[in-house]
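Chemist: Attaching a single structure in structure tokens format; questions to follow.
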Amino acid sequence: MVKHRSKIAYIGSLITLAAVVLTLEGCGSSSNDVAMVAPTPTPTPTPTPTPTPTPTPTPLNTNGITKIVINTAAGQAATFGGTAFGAVGTYDRVVGTAYGTLDPNDPKNQVIADITLAQKNKTTGLVEYALDFYILKPTNLANGSHKVFYEPPNRGGKQYGSFNGTGGGNTPGGGGAADATIAGAAYPAFLMNRGYTLIWSGWDQEPMGAAPLIKAVLPLAVNPDGSPINGPVYEYMVADNSTTACQLTYYSPAGNGSATLTKRAHMTDAPIVVPATDWSWGGQHSCGTSAAGVGVTTTSTANSINLNGANFQQSWIYELTYTATNPYVVSVGYAAMRDFVSFIRNAKTDSLGTANPMAGDVQSVVAWTLSQPARLMNDFVWLGFNQDLNGKSVFDGIFNWIGGGNGMGMNSRFAQAGRTERNRQHHIAQLEGIFPFSYTTTTDSLTGKTDGRNVRCTASSTCPKIMNVFSANEMWVKTGSLLTTHPNTGADLVEPANVRNYFLASTKHGGAGATTAAPSTCAQFDTQVEPGPVLRGLWTALDAWVVSGTAPPPSAVTSVAAGTGVFIPTNTPNTALGIGAVPQALVGYPAIPNTLMQYSGLVTVRNYWNFGPRYNQGIMDTIPPSPTGSFYAAAVPKVDQYGNDLGGIRLPEVTVPTGTNSGWGLRSAAFGGSASGTDGCEANGQFIPFAATDATKVAGDPRPSLTALYKDKAGYVTARTAAANALLANKLILQNDATAYATNAAKTITIVANPNFPSAYVYAW
């Protein structure tokens, strides 16, 4: 399990940051009483026959970004080793920190939960924050497109690499593997060759991953008398190894608060209480991962637990309920992102005269997101943050990949921004799957609320163009259909004019897997459906929609009414746990023999939870929440005769298949999978290959062999090429990706040994 950095570590960062602010601002107050520099009064000119008045200094901003500090040591002219990207030329890198303030009385900030309790500067009464930023821009901005590709970091990291056709890493442009193009990429340096400026900025105080991270420092919430706020917190922890000795918690325990730790092997088991004598807080163990992905020894920290003399059992579910202290105001992260992007596109300098590195260049800003940040942007628009402090739009467009209809649950006390829910992962006390789910305004009979993600931006005329692109994994494990259907009836909704929704059939929560290595955590190979080509095609369509108003391809989703979807039953045994089962016949799944795979129909059921009486204030008194017996009406896709999803956008891997692809998967027994099929493999899908020939088919496999379908490899290449060209004609993919489909189809298909199906299905074709 990837572990979370602790808030305690950031309290030290906040104190250090305050000291930095004091030094840079020339202020001598304590770190608990940070005063911004007041503007110097204009001197009275000396009376002379020709008076020359002293210029009035520019006053500091009192709301928004007040100062940027550029790290000249981290900056690098002509980055990417001096590579010139066509007519755009070379790129520069600008890295630094931005500092900002919020007026808690500004109506645009009052939507933030606990903003009135956020720690404030005692002199100005303003709430302060800071954020990291990272910019890659054309050396000569005149040669660029004057467009910004903005990515909110995913747990502090940059995720754009595979989309861009370049390597990963958090230091793009810094040299090494992070700058290399992906071998065989259809569009290496996709964004740079088109002249985009790429920008990242911090919004999350608790990022995870290998440094350097893009993070924010946010204020604590305290009681009106300045004393710490305490409250109940629930944490879910799983380690898919046998060597984890310590787990970090999001918050530190209150000194006299209660705590209970339980464990269970499967979601459907009754939790077993771990005796208080068998575990403790603040042990000195490996709590975290190094850049190489191995455990690092930490000093004793208040927000960590360890089992006395033992490691956590591999793949077991540990749940901790405790009284925590010192929540930070997580939703200030939304305002930090709003203010920084507004500064980049509108300001000439900061309040001290430091130049905005993008001053005068930005003509459009479109956010591109992957996973967690897609849910972030759903709530960013819903809470009204696309209107900046001057009433202008922040983002012109938003491209949400694999967010579905879920949010972040950040606008609440003791929020855990890094958590995400799936069938077996942070499933009980999550706040991401709450009404409203859709951009269309609906009335929810369970909450009595009428709302939609577009309501606030419509009122302020600041709605961006939005593309929501989601996978089959969102449908099965995050009730993704609620993005496009009524929460109570499941009826299809009419989407707003500024929104398009696209379902990618048989995809996982991410990119395609491989069949050249045996599966481990999951019982099967991962789905082979690669979303990258259609993501680039739709991004290009969104760009044209934003810049020139050219209408993008119409939405494409599954629909019960259209016969491509089926409702999730809510009367199965484990619905109080948020999981259920969809009968095989209801989905139309082929009767693949158990010797090849297990079908259990495991699915998330969207409960309407009871979080306690102060839920609408962002305070969870009942945690974990209690089930109410009421559910939202979600659906999953039906499948074709081969088991591949119907509806939405069907890529060549689905229309010209080499096997059965799905967006859901089950865990292997070695990693906590139960014989009942009630343990999901989180974000992964699965792939069950066709036999190479009819002679090697397992008895009872109803699916055709590769040779029966295509005769030979040439027939397969022809069919794949035709499928790709059909997508190209519909402007869903670009030419280079269409060509790559044909090239890749000609390559050998290799299926290695898998302990979950017979050796007859191991071949090279």
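Identifiers in this document derive from the order of the structure tokens: chains are assigned A, B, ..., residues are numbered from 1 separately in each chain, and ligands are numbered from 1 in order of occurrence.
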Write down as a PyMOL selection string the residues belonging to region 491-652 of chain A that are assigned strand (DSSP E) by DSSP computed on the backbone.

Modeler: chain A and resi 499-504+565-567+579-581+602-604+607-610+626-631+635-637

Chemist: Counting only C-alpha atoms, which of A:Ala265, A:Ala561, A:Ile428, A:Ala695 gets nearest to Thr622 (chain A)?

Modeler: A:Ile428

Chemist: Please, which residues in region 401-485 of chain A fall within 8 Å of region 374-397 of chain A when counting only C-alpha atoms, and what is the closest atom pair and distance in Å to one decimal for each, ordered by chain then residue number, as JSON lines?

Modeler:
{"residue": "A:Trp401", "atom": "CA", "partner": "A:Ala374", "partner_atom": "CA", "distance": 6.1}
{"residue": "A:Ile402", "atom": "CA", "partner": "A:Ala374", "partner_atom": "CA", "distance": 6.7}
{"residue": "A:Gly403", "atom": "CA", "partner": "A:Ala374", "partner_atom": "CA", "distance": 4.6}
{"residue": "A:Gly404", "atom": "CA", "partner": "A:Arg375", "partner_atom": "CA", "distance": 7.5}
{"residue": "A:Gly405", "atom": "CA", "partner": "A:Asn378", "partner_atom": "CA", "distance": 7.6}
{"residue": "A:Asn406", "atom": "CA", "partner": "A:Arg375", "partner_atom": "CA", "distance": 5.7}
{"residue": "A:Gly407", "atom": "CA", "partner": "A:Arg375", "partner_atom": "CA", "distance": 4.4}
{"residue": "A:Met408", "atom": "CA", "partner": "A:Leu376", "partner_atom": "CA", "distance": 5.6}
{"residue": "A:Glu432", "atom": "CA", "partner": "A:Arg375", "partner_atom": "CA", "distance": 7.9}
{"residue": "A:Gly452", "atom": "CA", "partner": "A:Trp382", "partner_atom": "CA", "distance": 7.1}
{"residue": "A:Arg453", "atom": "CA", "partner": "A:Trp382", "partner_atom": "CA", "distance": 4.0}
{"residue": "A:Asn454", "atom": "CA", "partner": "A:Trp382", "partner_atom": "CA", "distance": 6.0}
{"residue": "A:Val455", "atom": "CA", "partner": "A:Trp382", "partner_atom": "CA", "distance": 6.9}
{"residue": "A:Arg456", "atom": "CA", "partner": "A:Gly384", "partner_atom": "CA", "distance": 5.1}
{"residue": "A:Cys457", "atom": "CA", "partner": "A:Gly384", "partner_atom": "CA", "distance": 5.7}
{"residue": "A:Ser460", "atom": "CA", "partner": "A:Gln387", "partner_atom": "CA", "distance": 7.1}
{"residue": "A:Thr462", "atom": "CA", "partner": "A:Ser393", "partner_atom": "CA", "distance": 4.9}
{"residue": "A:Cys463", "atom": "CA", "partner": "A:Asn386", "partner_atom": "CA", "distance": 7.1}
{"residue": "A:Pro464", "atom": "CA", "partner": "A:Gly397", "partner_atom": "CA", "distance": 4.8}
{"residue": "A:Lys465", "atom": "CA", "partner": "A:Gly397", "partner_atom": "CA", "distance": 4.4}
{"residue": "A:Ile466", "atom": "CA", "partner": "A:Gly397", "partner_atom": "CA", "distance": 5.7}

Chemist: Limited to all heavy atoms, could you put the picked residues into a file as a short mmCIF file (atom, residue, chain, number, x, y, z; two decimals), in the first residue's frame?

Modeler:
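Here's the written file result_25.cif:
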data_model
loop_
_atom_site.label_atom_id
_atom_site.label_comp_id
_atom_site.auth_asym_id
_atom_site.auth_seq_id
_atom_site.Cartn_x
_atom_site.Cartn_y
_atom_site.Cartn_z
N TRP A 401 -10.00 12.86 -16.95
CA TRP A 401 -9.83 11.45 -17.31
C TRP A 401 -9.88 10.61 -16.04
O TRP A 401 -9.15 10.84 -15.11
CB TRP A 401 -8.51 11.26 -18.06
CG TRP A 401 -7.98 9.86 -18.21
CD1 TRP A 401 -6.71 9.47 -17.96
CD2 TRP A 401 -8.67 8.68 -18.66
NE1 TRP A 401 -6.55 8.12 -18.23
CE2 TRP A 401 -7.75 7.61 -18.65
CE3 TRP A 401 -9.99 8.42 -19.06
CZ2 TRP A 401 -8.08 6.32 -19.03
CZ3 TRP A 401 -10.34 7.12 -19.42
CH2 TRP A 401 -9.39 6.10 -19.42
N ILE A 402 -10.76 9.65 -16.02
CA ILE A 402 -11.04 8.66 -14.97
C ILE A 402 -11.37 9.30 -13.61
O ILE A 402 -10.86 8.90 -12.58
CB ILE A 402 -9.93 7.58 -14.84
CG1 ILE A 402 -8.52 8.14 -14.80
CG2 ILE A 402 -10.07 6.58 -15.97
CD1 ILE A 402 -7.41 7.07 -14.69
N GLY A 403 -12.28 10.27 -13.66
CA GLY A 403 -12.84 10.81 -12.44
C GLY A 403 -14.28 10.37 -12.23
O GLY A 403 -14.77 10.30 -11.10
N GLY A 404 -14.98 10.07 -13.34
CA GLY A 404 -16.38 9.68 -13.25
C GLY A 404 -17.22 10.78 -12.63
O GLY A 404 -16.97 11.97 -12.81
N GLY A 405 -18.21 10.40 -11.84
CA GLY A 405 -19.08 11.37 -11.19
C GLY A 405 -18.68 11.67 -9.77
O GLY A 405 -19.42 12.34 -9.05
N ASN A 406 -17.52 11.21 -9.35
CA ASN A 406 -17.11 11.37 -7.96
C ASN A 406 -16.34 12.66 -7.72
O ASN A 406 -15.75 13.23 -8.63
CB ASN A 406 -16.25 10.18 -7.51
CG ASN A 406 -17.08 8.95 -7.22
OD1 ASN A 406 -18.25 8.88 -7.56
ND2 ASN A 406 -16.48 7.96 -6.59
N GLY A 407 -16.33 13.08 -6.46
CA GLY A 407 -15.57 14.25 -6.05
C GLY A 407 -14.43 13.84 -5.14
O GLY A 407 -13.94 12.70 -5.19
N MET A 408 -14.01 14.78 -4.28
CA MET A 408 -12.86 14.54 -3.42
C MET A 408 -13.22 14.43 -1.94
O MET A 408 -12.46 13.89 -1.16
CB MET A 408 -11.85 15.68 -3.58
CG MET A 408 -11.07 15.61 -4.87
SD MET A 408 -9.87 14.26 -4.87
CE MET A 408 -8.72 14.88 -3.66
N GLU A 432 -16.15 10.71 -1.36
CA GLU A 432 -16.08 11.11 -2.76
C GLU A 432 -17.37 10.80 -3.51
O GLU A 432 -17.68 11.46 -4.50
CB GLU A 432 -14.90 10.45 -3.46
CG GLU A 432 -14.96 8.95 -3.57
CD GLU A 432 -13.73 8.37 -4.27
OE1 GLU A 432 -12.68 8.23 -3.62
OE2 GLU A 432 -13.82 8.09 -5.47
N GLY A 452 -26.22 20.50 -8.82
CA GLY A 452 -25.47 19.98 -9.95
C GLY A 452 -24.13 20.68 -9.98
O GLY A 452 -23.99 21.79 -9.46
N ARG A 453 -23.15 20.07 -10.58
CA ARG A 453 -21.81 20.65 -10.56
C ARG A 453 -21.72 21.96 -11.36
O ARG A 453 -20.79 22.73 -11.17
CB ARG A 453 -20.80 19.64 -11.08
CG ARG A 453 -20.72 18.38 -10.21
CD ARG A 453 -19.45 17.59 -10.46
NE ARG A 453 -19.43 16.34 -9.69
CZ ARG A 453 -19.05 16.25 -8.42
NH1 ARG A 453 -18.67 17.34 -7.77
NH2 ARG A 453 -19.05 15.09 -7.79
N ASN A 454 -22.67 22.21 -12.21
CA ASN A 454 -22.66 23.42 -13.04
C ASN A 454 -23.38 24.61 -12.41
O ASN A 454 -23.39 25.69 -12.99
CB ASN A 454 -23.31 23.12 -14.39
CG ASN A 454 -22.37 23.27 -15.55
OD1 ASN A 454 -21.16 23.26 -15.39
ND2 ASN A 454 -22.92 23.41 -16.74
N VAL A 455 -24.01 24.43 -11.26
CA VAL A 455 -24.92 25.45 -10.73
C VAL A 455 -24.19 26.76 -10.45
O VAL A 455 -24.62 27.84 -10.89
CB VAL A 455 -25.63 24.94 -9.46
CG1 VAL A 455 -26.35 26.08 -8.75
CG2 VAL A 455 -26.64 23.85 -9.82
N ARG A 456 -23.10 26.74 -9.72
CA ARG A 456 -22.43 27.98 -9.33
C ARG A 456 -21.77 28.68 -10.51
O ARG A 456 -21.83 29.90 -10.63
CB ARG A 456 -21.41 27.69 -8.22
CG ARG A 456 -22.03 27.37 -6.86
CD ARG A 456 -20.94 27.17 -5.81
NE ARG A 456 -21.50 26.99 -4.47
CZ ARG A 456 -21.82 25.81 -3.94
NH1 ARG A 456 -21.66 24.71 -4.66
NH2 ARG A 456 -22.30 25.72 -2.72
N CYS A 457 -21.12 27.92 -11.39
CA CYS A 457 -20.46 28.58 -12.52
C CYS A 457 -21.48 29.13 -13.50
O CYS A 457 -21.21 30.13 -14.18
CB CYS A 457 -19.47 27.64 -13.21
SG CYS A 457 -20.19 26.25 -14.10
N SER A 460 -22.44 32.55 -12.26
CA SER A 460 -21.40 33.56 -12.43
C SER A 460 -20.90 33.67 -13.86
O SER A 460 -19.97 34.44 -14.13
CB SER A 460 -20.23 33.26 -11.50
OG SER A 460 -19.64 32.00 -11.82
N THR A 462 -19.16 31.59 -15.60
CA THR A 462 -17.74 31.19 -15.66
C THR A 462 -17.57 29.69 -15.91
O THR A 462 -16.52 29.13 -15.59
CB THR A 462 -17.03 31.56 -14.35
OG1 THR A 462 -17.70 30.92 -13.24
CG2 THR A 462 -16.98 33.06 -14.14
N CYS A 463 -18.57 29.03 -16.49
CA CYS A 463 -18.45 27.59 -16.73
C CYS A 463 -17.44 27.31 -17.83
O CYS A 463 -17.52 27.88 -18.92
CB CYS A 463 -19.80 26.99 -17.11
SG CYS A 463 -21.00 26.91 -15.76
N PRO A 464 -16.49 26.41 -17.59
CA PRO A 464 -15.54 26.03 -18.65
C PRO A 464 -16.16 24.99 -19.57
O PRO A 464 -17.20 24.40 -19.27
CB PRO A 464 -14.38 25.43 -17.85
CG PRO A 464 -15.06 24.82 -16.65
CD PRO A 464 -16.22 25.73 -16.32
N LYS A 465 -15.52 24.77 -20.71
CA LYS A 465 -15.85 23.62 -21.55
C LYS A 465 -15.27 22.39 -20.84
O LYS A 465 -14.11 22.38 -20.44
CB LYS A 465 -15.24 23.76 -22.93
CG LYS A 465 -15.66 25.02 -23.70
CD LYS A 465 -17.09 24.97 -24.12
CE LYS A 465 -17.43 26.02 -25.18
NZ LYS A 465 -17.16 27.41 -24.75
N ILE A 466 -16.07 21.35 -20.70
CA ILE A 466 -15.66 20.19 -19.90
C ILE A 466 -15.84 18.90 -20.69
O ILE A 466 -16.90 18.67 -21.29
CB ILE A 466 -16.47 20.11 -18.59
CG1 ILE A 466 -16.22 21.34 -17.73
CG2 ILE A 466 -16.13 18.84 -17.81
CD1 ILE A 466 -17.14 21.45 -16.53
#

Chemist: At a cut-off of 10 Å, using only C-alpha atoms, what residues contact Gly184 (chain A)? Leave out same-chain residues fewer than 2 positions from it and give the result as a PDB file with N, CA and C atoms, in the first residue's frame.

Modeler:
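Output saved as around.pdb:
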ATOM      1  N   GLY A 165       3.759  11.259 -24.550  1.00  0.00           N
ATOM      2  CA  GLY A 165       4.745  10.488 -25.288  1.00  0.00           C
ATOM      3  C   GLY A 165       6.156  10.687 -24.792  1.00  0.00           C
ATOM      4  N   THR A 181      11.849  10.267 -24.714  1.00  0.00           N
ATOM      5  CA  THR A 181      10.570   9.947 -25.329  1.00  0.00           C
ATOM      6  C   THR A 181      10.314   8.454 -25.183  1.00  0.00           C
ATOM      7  N   ILE A 182       9.047   8.088 -25.145  1.00  0.00           N
ATOM      8  CA  ILE A 182       8.666   6.686 -25.006  1.00  0.00           C
ATOM      9  C   ILE A 182       8.946   5.971 -26.320  1.00  0.00           C
ATOM     10  N   ALA A 186       3.511   7.243 -30.586  1.00  0.00           N
ATOM     11  CA  ALA A 186       2.938   7.817 -31.804  1.00  0.00           C
ATOM     12  C   ALA A 186       3.159   9.322 -31.866  1.00  0.00           C
ATOM     13  N   TYR A 187       3.180   9.953 -30.713  1.00  0.00           N
ATOM     14  CA  TYR A 187       3.367  11.398 -30.637  1.00  0.00           C
ATOM     15  C   TYR A 187       4.377  11.738 -29.548  1.00  0.00           C
ATOM     16  N   PRO A 188       5.676  11.552 -29.802  1.00  0.00           N
ATOM     17  CA  PRO A 188       6.657  11.968 -28.792  1.00  0.00           C
ATOM     18  C   PRO A 188       6.609  13.473 -28.591  1.00  0.00           C
ATOM     19  N   ALA A 740      -0.249   3.904 -35.906  1.00  0.00           N
ATOM     20  CA  ALA A 740       0.364   3.044 -34.894  1.00  0.00           C
ATOM     21  C   ALA A 740      -0.475   1.798 -34.632  1.00  0.00           C
ATOM     22  N   THR A 743       0.604  -0.651 -37.213  1.00  0.00           N
ATOM     23  CA  THR A 743       1.969  -1.098 -36.945  1.00  0.00           C
ATOM     24  C   THR A 743       2.008  -2.085 -35.782  1.00  0.00           C
ATOM     25  N   ASN A 744       1.305  -1.756 -34.716  1.00  0.00           N
ATOM     26  CA  ASN A 744       1.322  -2.612 -33.528  1.00  0.00           C
ATOM     27  C   ASN A 744       0.580  -3.926 -33.756  1.00  0.00           C
TER      28      ASN A 744
END

Chemist: So how far away is CA of Ala221 (chain A) from CA of Ala336 (chain A), in Å?

Modeler: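 The value is 16.5 Å.
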
Chemist: Using only C-alpha atoms, determine which residues lie at most 8 Å from region 84-96 of chain A, disregarding the query and same-chain residues fewer than 2 positions distant; provide the list as a PyMOL selection string.

Modeler: chain A and resi 68-72+74-80+82+98+132-140+143-144+173+192-195+357

Chemist: Could you write those residues out with N, CA and C atoms, as a compact mmCIF listing (two decimals), in the first residue's frame?

Modeler:
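Contents of selection.txt, as written:
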# COMPACT_ATOMS: atom_id res chain seq x y z
N ILE A 68 5.69 35.70 -5.57
CA ILE A 68 6.29 34.48 -6.09
C ILE A 68 7.80 34.57 -5.89
N VAL A 69 8.39 33.43 -5.58
CA VAL A 69 9.84 33.35 -5.43
C VAL A 69 10.33 32.27 -6.39
N ILE A 70 11.14 32.67 -7.36
CA ILE A 70 11.64 31.73 -8.36
C ILE A 70 12.97 31.17 -7.91
N ASN A 71 13.06 29.86 -7.93
CA ASN A 71 14.29 29.17 -7.54
C ASN A 71 15.24 29.18 -8.73
N THR A 72 16.16 30.10 -8.74
CA THR A 72 17.06 30.24 -9.88
C THR A 72 17.98 29.04 -10.02
N ALA A 74 17.09 25.94 -9.51
CA ALA A 74 16.33 24.86 -10.16
C ALA A 74 15.97 25.21 -11.59
N GLY A 75 15.94 26.50 -11.92
CA GLY A 75 15.62 26.91 -13.27
C GLY A 75 16.69 26.47 -14.25
N GLN A 76 16.32 26.26 -15.48
CA GLN A 76 17.27 25.78 -16.46
C GLN A 76 16.86 26.28 -17.83
N ALA A 77 17.65 27.15 -18.40
CA ALA A 77 17.39 27.63 -19.75
C ALA A 77 17.66 26.51 -20.75
N ALA A 78 16.94 26.55 -21.87
CA ALA A 78 17.11 25.55 -22.93
C ALA A 78 17.13 24.14 -22.34
N THR A 79 16.08 23.80 -21.58
CA THR A 79 15.99 22.51 -20.91
C THR A 79 15.76 21.39 -21.92
N PHE A 80 15.50 20.17 -21.47
CA PHE A 80 15.42 18.99 -22.33
C PHE A 80 16.69 18.84 -23.16
N GLY A 82 18.51 21.01 -24.44
CA GLY A 82 18.60 21.92 -25.58
C GLY A 82 17.82 21.46 -26.80
N ALA A 98 4.90 30.07 -4.58
CA ALA A 98 3.99 31.22 -4.57
C ALA A 98 3.35 31.31 -3.20
N ASP A 132 4.00 25.14 -4.21
CA ASP A 132 5.06 24.95 -5.19
C ASP A 132 4.48 25.12 -6.59
N PHE A 133 5.30 25.58 -7.54
CA PHE A 133 4.89 25.59 -8.94
C PHE A 133 6.04 25.16 -9.82
N TYR A 134 5.69 24.67 -10.99
CA TYR A 134 6.67 24.12 -11.95
C TYR A 134 6.16 24.46 -13.34
N ILE A 135 6.97 25.14 -14.13
CA ILE A 135 6.56 25.62 -15.45
C ILE A 135 7.56 25.17 -16.49
N LEU A 136 7.07 24.64 -17.60
CA LEU A 136 7.86 24.39 -18.80
C LEU A 136 7.28 25.26 -19.90
N LYS A 137 8.06 26.20 -20.39
CA LYS A 137 7.54 27.16 -21.37
C LYS A 137 8.51 27.32 -22.53
N PRO A 138 7.99 27.65 -23.73
CA PRO A 138 8.90 27.92 -24.84
C PRO A 138 9.86 29.04 -24.47
N THR A 139 11.13 28.86 -24.82
CA THR A 139 12.12 29.90 -24.53
C THR A 139 11.68 31.23 -25.13
N ASN A 140 11.23 31.17 -26.35
CA ASN A 140 10.67 32.35 -27.01
C ASN A 140 9.16 32.18 -27.01
N ASN A 143 7.00 32.08 -30.11
CA ASN A 143 6.94 30.89 -30.95
C ASN A 143 5.95 29.85 -30.44
N GLY A 144 5.46 30.04 -29.23
CA GLY A 144 4.53 29.09 -28.64
C GLY A 144 3.11 29.32 -29.11
N GLY A 173 12.44 17.93 -18.03
CA GLY A 173 13.35 18.98 -18.44
C GLY A 173 14.62 18.99 -17.64
N MET A 192 4.80 19.65 -26.41
CA MET A 192 5.86 20.59 -26.74
C MET A 192 5.88 20.92 -28.22
N ASN A 193 5.66 19.91 -29.05
CA ASN A 193 5.66 20.16 -30.49
C ASN A 193 4.49 21.03 -30.93
N ARG A 194 3.50 21.16 -30.06
CA ARG A 194 2.36 22.04 -30.35
C ARG A 194 2.46 23.39 -29.64
N GLY A 195 3.56 23.61 -28.93
CA GLY A 195 3.82 24.92 -28.37
C GLY A 195 3.13 25.25 -27.07
N PRO A 357 6.28 35.03 -14.93
CA PRO A 357 7.01 34.49 -16.08
C PRO A 357 6.16 34.30 -17.32

Chemist: Which residue out of A:Trp664, A:Leu220, A:Ala239, A:Ala335 has the minimum interatomic distance to Gln110 (chain A) when only C-alpha atoms are used?

Modeler: A:Ala335

Chemist: Can you pull out every residue within 10 Å of Ala130 (chain A), counting only C-alpha atoms, but drop anything in the same chain fewer than 5 positions away, and send it as a list in words?

Modeler: Leu14, Leu17, Ala18, Val21, Ile65, Lys67, Ile68, Thr97, Ala98, Tyr99, Gly100, Thr101, Gly202, Trp203, Gln205, Lys215, Ala216, Val217, Leu218, Pro219, Gly333 and Ala336 of chain A

Chemist: When you count only C-alpha atoms, which of these residues is closest to Ala726 (chain A): A:Tyr160, A:Trp316, A:Tyr196, A:Tyr741?

Modeler: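 Nearest candidate to Ala726 (chain A) out of A:Tyr160, A:Trp316, A:Tyr196, A:Tyr741: A:Tyr741.
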
Chemist: Please report the interatomic distance between CA of Gly490 (chain A) and CA of Tyr632 (chain A) in Å with one decimal.

Modeler: 8.1 Å

Chemist: Applying 7 Å and only C-alpha atoms, which residues near region 303-314 of chain A remain after dropping the ones on its own chain fewer than 6 positions away? List them as a short mmCIF file (atom, residue, chain, number, x, y, z; two decimals) with N, CA, C and O atoms, in the first residue's frame.

Modeler:
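The new file part-v9.cif reads:
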data_model
loop_
_atom_site.label_atom_id
_atom_site.label_comp_id
_atom_site.auth_asym_id
_atom_site.auth_seq_id
_atom_site.Cartn_x
_atom_site.Cartn_y
_atom_site.Cartn_z
N SER A 6 2.62 12.56 6.54
CA SER A 6 1.84 12.99 7.68
C SER A 6 1.69 14.50 7.75
O SER A 6 2.51 15.25 7.26
N ALA A 239 -1.55 -3.48 3.43
CA ALA A 239 -0.18 -3.62 2.94
C ALA A 239 -0.10 -4.92 2.13
O ALA A 239 -0.31 -6.00 2.69
N ASP A 240 0.17 -4.81 0.85
CA ASP A 240 0.24 -6.00 0.00
C ASP A 240 1.65 -6.60 0.01
O ASP A 240 2.24 -6.90 -1.03
N ASN A 241 2.19 -6.71 1.21
CA ASN A 241 3.48 -7.37 1.41
C ASN A 241 3.50 -7.86 2.86
O ASN A 241 2.62 -7.52 3.65
N SER A 242 4.49 -8.63 3.19
CA SER A 242 4.58 -9.19 4.55
C SER A 242 5.64 -8.50 5.40
O SER A 242 5.99 -8.99 6.47
N THR A 243 6.16 -7.37 4.93
CA THR A 243 7.28 -6.72 5.62
C THR A 243 6.94 -5.37 6.22
O THR A 243 7.80 -4.72 6.82
N THR A 244 5.70 -4.91 6.07
CA THR A 244 5.32 -3.59 6.59
C THR A 244 5.18 -3.64 8.11
O THR A 244 4.38 -4.41 8.65
N ALA A 245 5.97 -2.82 8.79
CA ALA A 245 5.95 -2.80 10.25
C ALA A 245 5.25 -1.58 10.80
O ALA A 245 4.95 -1.52 12.00
N CYS A 246 4.97 -0.60 9.96
CA CYS A 246 4.42 0.66 10.45
C CYS A 246 3.50 1.26 9.40
O CYS A 246 3.74 1.12 8.20
N GLN A 247 2.42 1.89 9.84
CA GLN A 247 1.49 2.56 8.95
C GLN A 247 1.31 4.00 9.42
O GLN A 247 1.12 4.26 10.61
N LEU A 248 1.36 4.93 8.45
CA LEU A 248 1.09 6.33 8.77
C LEU A 248 -0.40 6.59 8.81
O LEU A 248 -1.17 6.00 8.04
N THR A 249 -0.81 7.49 9.67
CA THR A 249 -2.19 7.96 9.70
C THR A 249 -2.22 9.39 9.19
O THR A 249 -1.21 10.09 9.20
N TYR A 250 -3.37 9.82 8.74
CA TYR A 250 -3.49 11.16 8.18
C TYR A 250 -3.31 12.23 9.25
O TYR A 250 -2.74 13.28 8.98
N TYR A 251 -3.82 11.97 10.42
CA TYR A 251 -3.79 12.96 11.50
C TYR A 251 -3.17 12.34 12.75
O TYR A 251 -3.07 11.12 12.88
N SER A 252 -2.79 13.19 13.65
CA SER A 252 -2.22 12.74 14.91
C SER A 252 -3.33 12.53 15.93
O SER A 252 -4.36 13.21 15.90
N PRO A 253 -3.13 11.59 16.87
CA PRO A 253 -4.17 11.33 17.86
C PRO A 253 -4.22 12.44 18.91
O PRO A 253 -3.19 13.01 19.28
N ASP A 278 -1.41 -4.89 21.85
CA ASP A 278 -0.69 -5.44 20.70
C ASP A 278 -0.29 -4.39 19.66
O ASP A 278 0.29 -4.73 18.64
N TRP A 279 -0.64 -3.13 19.90
CA TRP A 279 -0.25 -2.09 18.95
C TRP A 279 -0.05 -0.78 19.71
O TRP A 279 -0.48 -0.63 20.85
N SER A 280 0.64 0.15 19.05
CA SER A 280 0.93 1.42 19.72
C SER A 280 1.14 2.52 18.70
O SER A 280 1.37 2.27 17.51
N TRP A 281 1.04 3.74 19.17
CA TRP A 281 1.30 4.93 18.36
C TRP A 281 2.79 5.27 18.40
O TRP A 281 3.47 5.01 19.39
N GLY A 282 3.26 5.87 17.32
CA GLY A 282 4.56 6.54 17.34
C GLY A 282 5.76 5.65 17.41
O GLY A 282 6.77 6.01 18.02
N GLY A 283 5.73 4.51 16.78
CA GLY A 283 6.90 3.65 16.79
C GLY A 283 7.93 4.07 15.76
O GLY A 283 7.63 4.75 14.79
#

Chemist: Choose the residue, out of A:Asn63, A:Thr540, A:Asn736, A:Thr442, that has the smallest atom-to-atom separation from Leu191 (chain A); count only C-alpha atoms.

Modeler: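 With only C-alpha atoms as the atom set, the closest residue is A:Thr540.
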
Chemist: If we count only C-alpha atoms, what is near region 666-668 of chain A at a cut-off of 10 Å, once residues fewer than 4 positions away on the same chain are taken out, given as a VMD selection string?

Modeler: chain A and resid 315 423 to 424 519 to 524 597 to 602 672 to 675 677 to 682 684 to 686 756

Chemist: Could you jot down the CA of Arg338 (chain A) to CA of Ala211 (chain A) separation for me, Å, one decimal place?

Modeler: 24.3 Å
